[in-house]
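Working notes for the structure below.
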Amino acid sequence: MMNLQQCIELIPPSRIAFVNESNQYTYAALQELQQKNLTTLEVLRGASIVINGRERLEFALLLSILDSHVEKILFLPQDIEKNIHGKYYKEAGINYEVYLEKDILKYHVIDTYENQATQSEYQTEWIIPTSGTTNIPKLVSHSFKSLTKSTKLNIALGEAYKWGLVFDIYRFSGIQVFLQSILAGSKLIITNPTQNMSQILTLLSEKECNALSATPSFWRKVLMTKEASKLQLQRITLGGEIADDNILQALKHKYPEAKISHIYASTEVGVGFSVTDGKAGFPQAYLSGAIDTIKMKIDKDGLLWIAPENKGQKYLSHDKMYDSHGYINTGDLVEEKNDRVYFLGRDSGAINVGGNKVQPEEVETKLLSTGLLSAAYVYAMKNPMMGSLVCADVILKHENADKKEVKSQILKHCRENMEGFKVPAIIKFVKELQTTQSGKLKRETK
Amino acid sequence: MSIQETIKEKYIEVLEQTGNELLVPELKDDVVLLESGLDSLGFAILVATLDEALEFDPFTMMDEPFYPSTFGEFVEIYEKMNPNK
């Protein structure tokens with residue numbers, strides 16, 4: 001694979017690369033942007049730079065012109081606390097913070113840099129923070145090459161696709177969508193995370209979005225809006241959280257023309273694999289070599305380990321990422337059942353009910369499988385007797401349904417299909433659920 | 001509704017919710033809690049449910065831990081610790 005700029009040069013220049021609610025850049029404009037800023041790019045050559053919480057479109061532009069010019073680019077999303085910026089800058093050896101002002105590349109000095117760059121081209125490290133829903137995000141170093149191993153370069157086919165970006169572009173999931181779009185010369189429609197779902201979907205349908213990758217939580221929200229019917233989707237991808245049968249079927253029903261797949265990926269592993277048979281989990285055969293790019297194993301605690309094909313990625317902190325056989329602990333608990341492997345949840349997210357471990361995701365899946373709810377969030381509530389109790393915030397599928405009746409039906413369903421300690425002790429009906437910048441359910445202990 | 005009535009109502013609700021049955025003919029003051037049908041998880045759920053309904057949890061408010069053994073003692077704790085009386 002070449003570098004990002006060389007890929008951009010191959011694409012018919014009149015195609016639109018990025019568009020948001022107020023701006024639009026063609027592939028030609030990306031090349032012009034680079035030409036316009038050559039002097040500054042020369043100053044930055046070989047340095048390590050940070051893009052700190054700038055808007056998504058600005059980020060996409062900066063990345064497009066800076067790759068292969070600098071040694072490292074640190075992606076710093078808005079939701080990372082300011083008091084750890086210093087630690088990250090030190091870890092990554094950051095020299096400059098960069099930004100764009102009316103298409104002019106500008107920078108602030110973070111640390112002195114003596115430009116003695118001799119290379120004309122760098123294999124720039126893309127430093128991506130993990131999504132860290134439960135603890136401080138770790139920095140993982142990738143490169144354009146390591147990230148694009150599994151991305152197909154198909155410029156002829158790419159013209160037909162208009163990708164919507166709803167993931168955070170500073171995170172692995174968002175970068176994946178960015179690369180998928182730009183490497184095929186497709187159009188990337190960049191949404192604004194401060195807008196509500198109805199505004200986001202309006203922009204996507206106005207710009208004729210036909211390919212969209214999002215978390216199951218995001219998709220559940222989409223299906224609750226009127227605007228969902230305006231989307232003409234041909235490709236639907238789910239990632240970042242567990243895709244259950246319920247959401248996969250609901251999407252199939254809503255968008256019968258679309259090719260639906262759910263993807264297993266993480267910042268550490270990169271893209272693991274995708275599942276296209278419309279069912280939750282993945283075929284057990286994947287464990288025994290049915291996919292040639294990665295190797296997988298399940299340890300005695302039920303944790304999934306993956307050995308990626310490309311092992312270029314590492315933690316910037318030098319923490320150990322691989323075991324002695326090259327496998328990475330994904331932290332995801334899985335269960336093998338009827339020739340299939342199902343995800344149960346994050347190892348770190350278990351709720352302890354009187355000494356019994358409960359995976360919130362397992363309870364959420366069970367709640368959703370009643371078909372009476374459009375979304376569910378399961379969390380721990382501290383309790384003096386049991387340590388914690390399982391609580392659930394749920395959204396009714398039919399707003400006018402009798403809450404008491406629904407509650408008794410879902411509890412009955414849970415009791416019949418799970419051990420007693422997993423059944424939610426408290427069920428609250430809510431209007432909406434909070435999601436993070438990455439589109440995942442916001443998980444907190446109350 | 002009095003506190004005692006609320007507790008009785010929620011008690012029956014939690015019994016149903018946890019798939020248990022009342023093992024005594026009637027919830028009277030001298031009924032021994034652990035023989036009434038609710039297990040320890042059920043009690044934890046009952047306390048959390050009452051916290052939602054009454055907006056207080058007497059067990060987290062007590063200076064010294066006290067575990068009621070009969071239904072009467074259980075109700076008494078709620079009545080005694082009620083911040084709204």
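Chain lettering (A, B, ...) mirrors the order of the structure tokens, residue numbering begins at 1 for each chain separately, and ligand numbering begins at 1 in order of display.
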
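The shell of residues at most 12 Å from Pro25 in chain B, with only C-alpha atoms counted and near chain neighbours (fewer than 5 positions) removed, consists of Val31, Glu35, Ser36 and Gly37 of chain B.
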
* Find the residues in chain B near chain A: any atom within 7 Å counts, using only C-alpha atoms. Write them as a count of residues only. => 5

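The coordinates place CA of Pro13 in chain A at 27.8 Å from CA of His142 in chain A.
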
* To do: Could you give me, as JSON, numbers by chain, each residue of range 124-218 of chain A that DSSP assigns to strand (DSSP E) when run on this structure's backbone?
  => {"A": [125, 126, 127, 128, 129, 139, 140, 141, 142, 143, 162, 163, 164, 165, 187, 188, 189, 190, 211, 212, 213, 214]}

Find the residues around range 440-444 of chain A up to 7 Å (only C-alpha atoms counted), leave out those fewer than 6 positions away in its own chain, and share them as a PDB file with C-alpha atoms, in the first residue's frame.
ATOM      1  CA  THR A 133     -15.380   3.360  28.610  1.00  0.00           C
ATOM      2  CA  THR A 215     -22.922   1.134  17.032  1.00  0.00           C
ATOM      3  CA  SER A 217     -26.981   1.762  20.319  1.00  0.00           C
ATOM      4  CA  GLY A 240     -18.215  -1.210  18.769  1.00  0.00           C
ATOM      5  CA  GLU A 241     -20.825  -3.046  20.817  1.00  0.00           C
ATOM      6  CA  GLN A 434     -26.961   8.601  26.849  1.00  0.00           C
TER       7      GLN A 434
END

So which bits of range 351-439 of chain A end up helix (DSSP H, G or I) when you DSSP the backbone, as a tab-separated table (two decimals) with C-alpha atoms, in the first residue's frame?
chain	number	residue	atom	x	y	z
A	360	PRO	CA	-24.78	-6.10	31.69
A	361	GLU	CA	-24.73	-6.82	27.96
A	362	GLU	CA	-26.17	-10.29	28.48
A	363	VAL	CA	-29.11	-8.85	30.41
A	364	GLU	CA	-29.58	-6.11	27.81
A	365	THR	CA	-29.72	-8.69	25.03
A	366	LYS	CA	-32.26	-10.69	27.02
A	367	LEU	CA	-34.41	-7.62	27.64
A	368	LEU	CA	-34.33	-6.64	23.96
A	403	LYS	CA	-45.78	-0.05	31.55
A	404	LYS	CA	-46.93	-2.34	34.31
A	405	GLU	CA	-47.86	-5.04	31.83
A	406	VAL	CA	-44.59	-4.66	29.89
A	407	LYS	CA	-42.60	-4.79	33.11
A	408	SER	CA	-44.23	-7.99	34.24
A	409	GLN	CA	-43.75	-9.56	30.81
A	410	ILE	CA	-40.09	-8.71	30.55
A	411	LEU	CA	-39.41	-9.86	34.10
A	412	LYS	CA	-41.16	-13.14	33.37
A	413	HIS	CA	-39.09	-13.55	30.22
A	414	CYS	CA	-35.88	-12.81	32.14
A	415	ARG	CA	-36.76	-15.18	34.98
A	416	GLU	CA	-37.49	-18.01	32.59
A	417	ASN	CA	-34.26	-17.53	30.65
A	420	GLY	CA	-32.37	-15.13	39.36
A	421	PHE	CA	-29.45	-12.86	40.29
A	422	LYS	CA	-29.22	-11.65	36.68

* **Selection near range 4-13 of chain B, 12 Å with only C-alpha atoms, sequence-local residues under 2 positions removed, as a count of residues only** => 50

* Structure fact -> Shortest contact to Tyr161 in chain A, candidates A:Gln234, A:Thr26, A:Gln34, A:Ser229, atoms counted only C-alpha atoms, goes to A:Gln234
